[in-house]
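Heads up, work.tsv below (TSV, C-alpha atoms):
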chain	number	residue	atom	x	y	z
A	78	MET	CA	0.00	0.00	0.00
A	79	ILE	CA	1.36	3.44	-0.99
A	80	ASP	CA	-1.29	5.91	0.08
A	81	PRO	CA	-0.99	9.72	0.46
A	82	ASN	CA	-0.05	9.45	4.16
A	83	LEU	CA	2.85	7.13	3.38
A	84	ILE	CA	3.97	9.31	0.46
A	85	ALA	CA	4.08	12.30	2.80
A	86	LYS	CA	6.53	10.42	5.04
A	87	ILE	CA	9.09	9.81	2.27
A	88	PRO	CA	12.41	11.33	3.41
A	89	GLN	CA	14.06	14.19	1.53
A	90	GLU	CA	16.70	11.91	0.00
A	91	PHE	CA	13.91	10.27	-2.06
A	92	ALA	CA	11.92	13.46	-2.74
A	93	GLN	CA	12.12	12.94	-6.51
A	94	VAL	CA	10.01	9.79	-6.14
A	95	LYS	CA	7.03	11.66	-4.68
A	96	PRO	CA	5.63	13.24	-7.90
A	97	PHE	CA	5.63	9.85	-9.68
A	98	LEU	CA	3.67	8.22	-6.85
A	99	GLU	CA	1.27	11.16	-6.46
A	100	GLN	CA	0.47	11.11	-10.19
A	101	ASN	CA	-0.40	7.43	-9.99
A	102	LEU	CA	-2.75	7.57	-7.02
A	103	LEU	CA	-6.08	5.85	-7.75
A	104	PRO	CA	-9.30	6.08	-5.71
A	105	TYR	CA	-11.05	3.16	-4.04
A	106	ILE	CA	-13.66	2.62	-1.33
A	107	ALA	CA	-12.22	1.45	1.99
A	108	ILE	CA	-14.29	-0.78	4.26
A	109	THR	CA	-14.08	-0.65	8.06
A	110	CYS	CA	-15.71	-3.25	10.30
A	111	GLU	CA	-17.21	-2.20	13.64
A	112	GLU	CA	-17.90	-5.18	15.90
A	113	GLN	CA	-21.45	-5.37	17.28
A	114	GLY	CA	-21.25	-8.64	19.21
A	115	SER	CA	-21.60	-12.37	18.63
A	116	LEU	CA	-24.44	-14.75	17.76
A	117	ASP	CA	-23.65	-17.92	19.71
A	118	SER	CA	-26.66	-19.75	18.30
A	119	ALA	CA	-28.75	-19.53	15.14
A	120	CYS	CA	-31.71	-19.04	17.48
A	121	ASP	CA	-30.27	-15.73	18.77
A	122	PRO	CA	-31.83	-12.56	17.31
A	123	ASP	CA	-29.63	-10.63	14.90
A	124	LEU	CA	-27.77	-7.60	16.23
A	125	LEU	CA	-28.55	-5.46	13.16
A	126	LEU	CA	-31.71	-4.98	11.13
A	127	PRO	CA	-32.33	-7.41	8.24
A	128	TRP	CA	-31.74	-4.75	5.56
A	129	GLU	CA	-28.69	-3.09	7.09
A	130	THR	CA	-25.15	-3.23	5.73
A	131	LYS	CA	-23.35	-5.90	7.76
A	132	LEU	CA	-20.71	-8.59	7.95
A	133	GLY	CA	-22.04	-11.75	9.59
A	134	GLY	CA	-25.42	-12.09	11.23
A	135	TYR	CA	-28.38	-13.11	9.09
A	136	PRO	CA	-29.32	-12.06	5.56
A	137	TYR	CA	-32.24	-10.10	4.29
A	138	LEU	CA	-34.46	-12.94	3.05
A	139	PRO	CA	-38.06	-12.40	1.88
A	140	LYS	CA	-40.59	-15.06	2.79
A	141	GLY	CA	-40.96	-17.65	0.03
A	142	MET	CA	-37.34	-17.26	-1.11
A	143	ASP	CA	-34.88	-20.12	-0.57
A	144	TYR	CA	-31.71	-19.71	1.42
A	145	PRO	CA	-28.78	-20.35	-1.00
A	146	LYS	CA	-27.10	-23.77	-1.15
A	147	ASP	CA	-23.92	-25.11	-2.72
A	148	GLU	CA	-24.96	-26.73	-6.00
A	149	GLU	CA	-22.49	-29.60	-5.62
A	150	THR	CA	-22.89	-30.52	-1.95
A	151	ASP	CA	-26.48	-29.28	-1.35
A	152	ARG	CA	-25.24	-27.71	1.90
A	153	PHE	CA	-26.26	-24.24	3.01
A	154	LEU	CA	-23.73	-21.56	2.09
A	155	MET	CA	-22.33	-19.28	4.77
A	156	PHE	CA	-23.75	-15.77	4.74
A	157	LEU	CA	-20.64	-13.59	4.59
A	158	GLY	CA	-22.38	-10.22	4.54
A	159	GLN	CA	-24.45	-7.68	2.64
A	160	ILE	CA	-24.10	-4.11	1.43
A	161	ASP	CA	-26.82	-1.50	1.15
A	162	CYS	CA	-25.61	0.16	-2.05
A	163	ALA	CA	-27.02	3.51	-0.90
A	164	ASP	CA	-24.38	3.48	1.89
A	165	VAL	CA	-21.50	3.31	-0.61
A	166	PRO	CA	-19.90	6.56	-1.86
A	167	GLU	CA	-19.66	6.98	-5.63
A	168	LEU	CA	-16.38	5.96	-7.26
A	169	PRO	CA	-15.64	6.91	-10.90
A	170	GLY	CA	-15.39	3.81	-13.07
A	171	PHE	CA	-16.93	1.58	-10.40
A	172	ASN	CA	-20.57	1.35	-11.42
A	173	LEU	CA	-22.11	-0.26	-8.37
A	174	PRO	CA	-25.89	0.19	-8.28
A	175	LYS	CA	-26.90	3.28	-6.32
A	176	GLN	CA	-29.60	1.45	-4.42
A	177	GLY	CA	-30.60	-2.07	-3.45
A	178	LEU	CA	-28.97	-4.75	-1.32
A	179	LEU	CA	-25.98	-6.82	-2.49
A	180	GLN	CA	-25.37	-10.08	-0.59
A	181	PHE	CA	-22.34	-12.40	-0.49
A	182	TYR	CA	-22.60	-16.07	0.46
A	183	THR	CA	-19.63	-18.42	0.46
A	184	GLY	CA	-18.79	-22.10	0.68
A	185	TYR	CA	-15.76	-21.23	2.78
A	186	ILE	CA	-13.87	-24.16	4.29
A	187	PRO	CA	-10.63	-23.09	6.08
A	188	THR	CA	-8.30	-25.56	4.34
A	189	MET	CA	-9.28	-24.51	0.82
A	190	GLY	CA	-7.43	-22.17	-1.53
A	191	GLU	CA	-9.24	-21.18	-4.71
A	192	TRP	CA	-13.02	-21.49	-4.92
A	193	ARG	CA	-15.02	-22.71	-7.87
A	194	SER	CA	-18.07	-20.76	-8.97
A	195	THR	CA	-20.51	-23.15	-7.27
A	196	GLN	CA	-18.96	-22.37	-3.90
A	197	HIS	CA	-20.15	-18.82	-3.67
A	198	TYR	CA	-23.43	-17.08	-4.38
A	199	ILE	CA	-24.24	-13.41	-4.85
A	200	ARG	CA	-27.79	-12.14	-4.61
A	201	TYR	CA	-28.90	-8.62	-5.48
A	202	PHE	CA	-32.21	-7.07	-4.43
A	203	PRO	CA	-32.99	-3.90	-6.46
A	204	GLU	CA	-35.85	-3.12	-4.08
A	205	VAL	CA	-35.92	-3.77	-0.34
A	206	SER	CA	-38.89	-4.10	2.02
A	207	LYS	CA	-38.42	-2.74	5.53
A	208	ASP	CA	-41.47	-4.56	6.85
A	209	GLU	CA	-40.13	-7.44	8.95
A	210	GLY	CA	-43.47	-9.19	8.43
A	211	ASP	CA	-42.38	-9.75	4.81
A	212	LEU	CA	-39.10	-11.38	5.85
A	213	ILE	CA	-37.76	-14.63	7.27
A	214	THR	CA	-36.39	-13.88	10.74
A	215	ASP	CA	-36.09	-17.43	12.13
A	216	PHE	CA	-32.75	-18.90	11.00
A	217	SER	CA	-32.64	-21.80	13.46
A	218	PHE	CA	-32.51	-24.16	10.46
A	219	LEU	CA	-28.87	-23.06	10.00
A	220	GLU	CA	-27.68	-24.21	13.44
A	221	GLU	CA	-26.30	-27.59	12.31
A	222	GLU	CA	-24.51	-26.02	9.33
A	223	ARG	CA	-22.99	-23.27	11.48
A	224	SER	CA	-21.50	-25.87	13.81
A	225	TYR	CA	-20.44	-28.27	11.04
A	226	ASN	CA	-18.52	-25.71	8.97
A	227	GLU	CA	-17.34	-23.40	11.78
A	228	TRP	CA	-19.09	-20.31	10.41
A	229	TYR	CA	-18.27	-16.87	11.69
A	230	TYR	CA	-20.47	-15.91	14.67
A	231	ASP	CA	-19.39	-12.28	15.06
A	232	VAL	CA	-21.46	-9.45	13.60
A	233	TYR	CA	-19.97	-6.21	12.25
A	234	ARG	CA	-21.41	-2.98	10.97
A	235	LEU	CA	-19.62	-1.82	7.80
A	236	ARG	CA	-18.51	1.75	7.15
A	237	PHE	CA	-17.23	3.11	3.82
A	238	SER	CA	-14.82	5.92	2.92
A	239	LEU	CA	-13.13	7.16	-0.26
A	240	GLU	CA	-9.35	6.65	-0.17
A	241	ASN	CA	-6.41	6.67	-2.59
A	242	ASP	CA	-3.53	4.30	-3.23
A	243	VAL	CA	-0.92	3.64	-5.92
A	244	PHE	CA	-1.41	-0.16	-5.75
A	245	PHE	CA	2.14	-0.33	-6.97
A	246	ASP	CA	2.80	-4.02	-6.27
A	247	TYR	CA	-0.27	-5.04	-8.24
A	248	ARG	CA	0.33	-2.67	-11.14
A	249	SER	CA	4.11	-2.95	-11.33
A	250	SER	CA	6.03	-4.75	-14.04
A	251	ALA	CA	7.02	-7.39	-11.48
A	252	PHE	CA	3.50	-8.80	-11.89
A	253	LYS	CA	3.02	-8.68	-15.66
A	254	VAL	CA	-0.12	-10.80	-15.39
A	255	PHE	CA	-1.63	-7.63	-13.95
A	256	HIS	CA	-1.40	-4.03	-15.15
A	257	PRO	CA	2.16	-2.81	-15.73
A	258	LEU	CA	3.28	0.38	-14.04
A	259	ASP	CA	6.93	0.87	-14.99
A	260	THR	CA	9.33	3.01	-13.00
A	261	PRO	CA	10.48	6.02	-15.08
A	262	GLU	CA	14.08	5.88	-16.30
A	263	GLU	CA	15.05	8.99	-14.34
A	264	LEU	CA	14.07	7.31	-11.04
A	265	LYS	CA	15.84	4.01	-11.52
A	266	SER	CA	19.03	5.26	-9.87
A	267	VAL	CA	17.21	5.80	-6.54
A	268	TRP	CA	14.23	3.49	-6.91
A	269	GLU	CA	15.81	0.26	-5.69
A	270	GLU	CA	17.17	1.90	-2.54
A	271	PHE	CA	13.85	3.66	-1.92
A	272	TYR	CA	11.68	0.62	-2.58
A	273	TYR	CA	13.64	-2.11	-0.83
A	274	ASP	CA	15.53	-0.18	1.86
A	275	TRP	CA	12.95	2.42	2.93
A	276	PHE	CA	9.51	1.41	1.68
A	277	TYR	CA	9.63	-2.18	2.93
A	278	GLU	CA	10.55	-0.98	6.41
A	279	GLN	CA	7.22	0.85	6.67
A	280	LYS	CA	4.57	-1.36	8.26
A	281	GLU	CA	1.81	0.58	6.51
A	282	HIS	CA	2.75	-0.78	3.10
A	283	MET	CA	1.37	-4.22	4.02
A	284	THR	CA	-1.70	-3.00	5.88
A	285	LEU	CA	-5.15	-2.46	4.45
A	286	LYS	CA	-6.80	0.83	5.37
A	287	GLY	CA	-9.62	-0.77	7.32
A	288	ASN	CA	-10.69	-4.33	6.55
A	289	GLY	CA	-11.04	-4.30	2.79
A	290	LYS	CA	-12.20	-2.38	-0.24
A	291	LEU	CA	-14.65	-1.99	-3.08
A	292	GLY	CA	-13.08	-1.12	-6.42
A	293	GLY	CA	-9.41	-0.32	-6.93
A	294	TYR	CA	-6.95	-3.24	-6.99
A	295	PRO	CA	-6.28	-6.00	-4.45
A	296	GLU	CA	-3.41	-5.94	-2.02
A	297	VAL	CA	-0.54	-8.22	-3.03
A	298	HIS	CA	0.83	-10.18	-0.09
A	299	SER	CA	3.53	-12.85	-0.21
A	300	TYR	CA	0.96	-15.65	-0.55
A	301	VAL	CA	-1.52	-13.93	-2.84
A	302	PRO	CA	0.00	-13.48	-6.36
A	303	GLU	CA	-0.27	-17.14	-7.37
A	304	THR	CA	-3.89	-17.22	-6.22
A	305	LEU	CA	-4.87	-14.13	-8.19
A	306	GLU	CA	-3.00	-14.85	-11.44
A	307	SER	CA	-6.16	-16.20	-13.07
A	308	ALA	CA	-8.43	-13.44	-11.73
A	309	GLU	CA	-10.23	-11.59	-14.51
A	310	GLY	CA	-12.36	-8.48	-14.48
A	311	GLN	CA	-12.69	-5.66	-12.01
A	312	LEU	CA	-12.23	-6.03	-8.27
A	313	LEU	CA	-15.71	-5.98	-6.78
A	314	LEU	CA	-14.89	-6.72	-3.15
A	315	GLU	CA	-11.76	-7.51	-1.15
A	316	LEU	CA	-12.24	-8.38	2.51
A	317	GLU	CA	-9.80	-9.30	5.23
A	318	HIS	CA	-12.10	-10.91	7.77
A	319	PRO	CA	-11.41	-9.29	11.17
A	320	TYR	CA	-11.87	-12.58	13.04
A	321	ASP	CA	-9.09	-14.67	11.48
A	322	GLY	CA	-7.38	-12.59	8.79
A	323	VAL	CA	-8.64	-14.72	5.90
A	324	TYR	CA	-8.78	-12.76	2.61
A	325	PHE	CA	-11.87	-12.95	0.40
A	326	TYR	CA	-11.78	-11.64	-3.19
A	327	PHE	CA	-14.62	-11.17	-5.68
A	328	PHE	CA	-14.10	-10.07	-9.31
A	329	ILE	CA	-16.67	-9.00	-11.90
A	330	ASP	CA	-16.73	-7.96	-15.55
A	331	PRO	CA	-17.15	-4.13	-15.57
A	332	GLN	CA	-19.97	-4.33	-18.11
A	333	LYS	CA	-21.82	-6.85	-15.94
A	334	LEU	CA	-21.44	-4.51	-12.97
A	335	THR	CA	-22.92	-1.65	-14.99
A	336	GLN	CA	-25.90	-3.90	-15.72
A	337	ALA	CA	-26.20	-4.99	-12.06
A	338	ASP	CA	-25.66	-8.55	-13.27
A	339	PHE	CA	-23.85	-10.54	-10.58
A	340	SER	CA	-24.38	-13.97	-12.13
A	341	GLU	CA	-20.77	-14.50	-13.27
A	342	VAL	CA	-18.65	-13.19	-10.40
A	343	SER	CA	-15.44	-15.14	-9.65
A	344	SER	CA	-14.20	-15.56	-6.10
A	345	TYR	CA	-11.06	-16.57	-4.22
A	346	VAL	CA	-10.11	-17.10	-0.61
A	347	VAL	CA	-6.61	-17.05	0.86
A	348	ALA	CA	-5.69	-17.96	4.43
A	349	GLY	CA	-3.04	-15.83	6.08
Written form, structure tokens:
Amino acid sequence: MIDPNLIAKIPQEFAQVKPFLEQNLLPYIAITCEEQGSLDSACDPDLLLPWETKLGGYPYLPKGMDYPKDEETDRFLMFLGQIDCADVPELPGFNLPKQGLLQFYTGYIPTMGEWRSTQHYIRYFPEVSKDEGDLITDFSFLEEERSYNEWYYDVYRLRFSLENDVFFDYRSSAFKVFHPLDTPEELKSVWEEFYYDWFYEQKEHMTLKGNGKLGGYPEVHSYVPETLESAEGQLLLELEHPYDGVYFYFFIDPQKLTQADFSEVSSYVVAG
């Protein structure tokens, strides 16, 4: 991560690097998780309203609608979280719907690396009812699955903010499977010393601002590049779960996002 705060800390001996980094700053939407408590049983009432933006807890689920299952195993998928699109600030080039509720379900099993498409499910509600009489509020049928697959019990409220980053690791020529961002010739005499001697001593460069992001590019950690080499499309959601530091990634074709079509999203999970 090379954000404006880290750029401002660059010492005078590397001052010539600053303009290059500042010119390559790109916006994204940072996600921060605020813990609300824990649901120790599927019989416990949720800690947030059914239509609120949240990580964990129970989903918004109208009566008469099935809870999603894995197509291969016929087991219930874990509800990862949901986003009220009206809560999300606008980001140029990231055409998330301006209203409605976007939900993420996963077939997360801790020992797994890359997911196949049948092991996640995304559901989008263009319109949302705030009458709890229209909704399923009893999720006791999930108790066995929660215990069997060690689902997350903690509930978090999600907050969003517009931030900027260079995403240099992802965009650099070192990862040509991604989007090249070459160091200018005039900086090469100081770049190696700056990048490897100063930059990698800064703890911030490996730390997400918050717990994840919408839009922008994913963070590149030592164990991530191989996992993301086959990722195609635009980053929809990156999430570092605050409970165990597992990274979730969802990618979507930009045109599909413009159409609010979430039927072909690809997903990955990486354990720290």
*Can you tell me how far atom CA of A:Glu269 sits from atom CA of A:Asp80, in Å to one decimal?*
18.9 Å
*So, counting all atoms listed in the file, which residue among A:Ala337, A:Gln311, A:Gln196, A:Ala92 is closest to A:Thr150?*
A:Gln196
*Contacts of A:Asp123 at 9 Å or less, counting only C-alpha atoms, minus same-chain residues fewer than 3 places along, as a ChimeraX atom specification?*
/A:116,119,126-127,134-135,214,232
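Coordinates place atom CA of A:Lys333 at a distance of 27.9 Å from atom CA of A:Met78.
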Give, as lines of an AutoDock Vina configuration file, the centre coordinates and the x, y and z edge lengths in Å to one decimal for an axis-aligned box around all listed atoms of stretch 229-248 of chain A, padded by 5 Å on each side.
center_x = -9.3
center_y = -4.9
center_z = 2.0
size_x = 34.3
size_y = 34.0
size_z = 36.2
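Excluding A:Pro139 and any residue on its chain fewer than 3 positions from it, the residues at most 8 Å away by all atoms listed in the file are Met142, Asp211, Leu212 and Ile213 of chain A.
Distances here use only C-alpha atoms; by that measure, the residue among A:Glu296, A:Asp231, A:Glu90, A:Glu341 closest to A:Tyr324 is A:Glu296.
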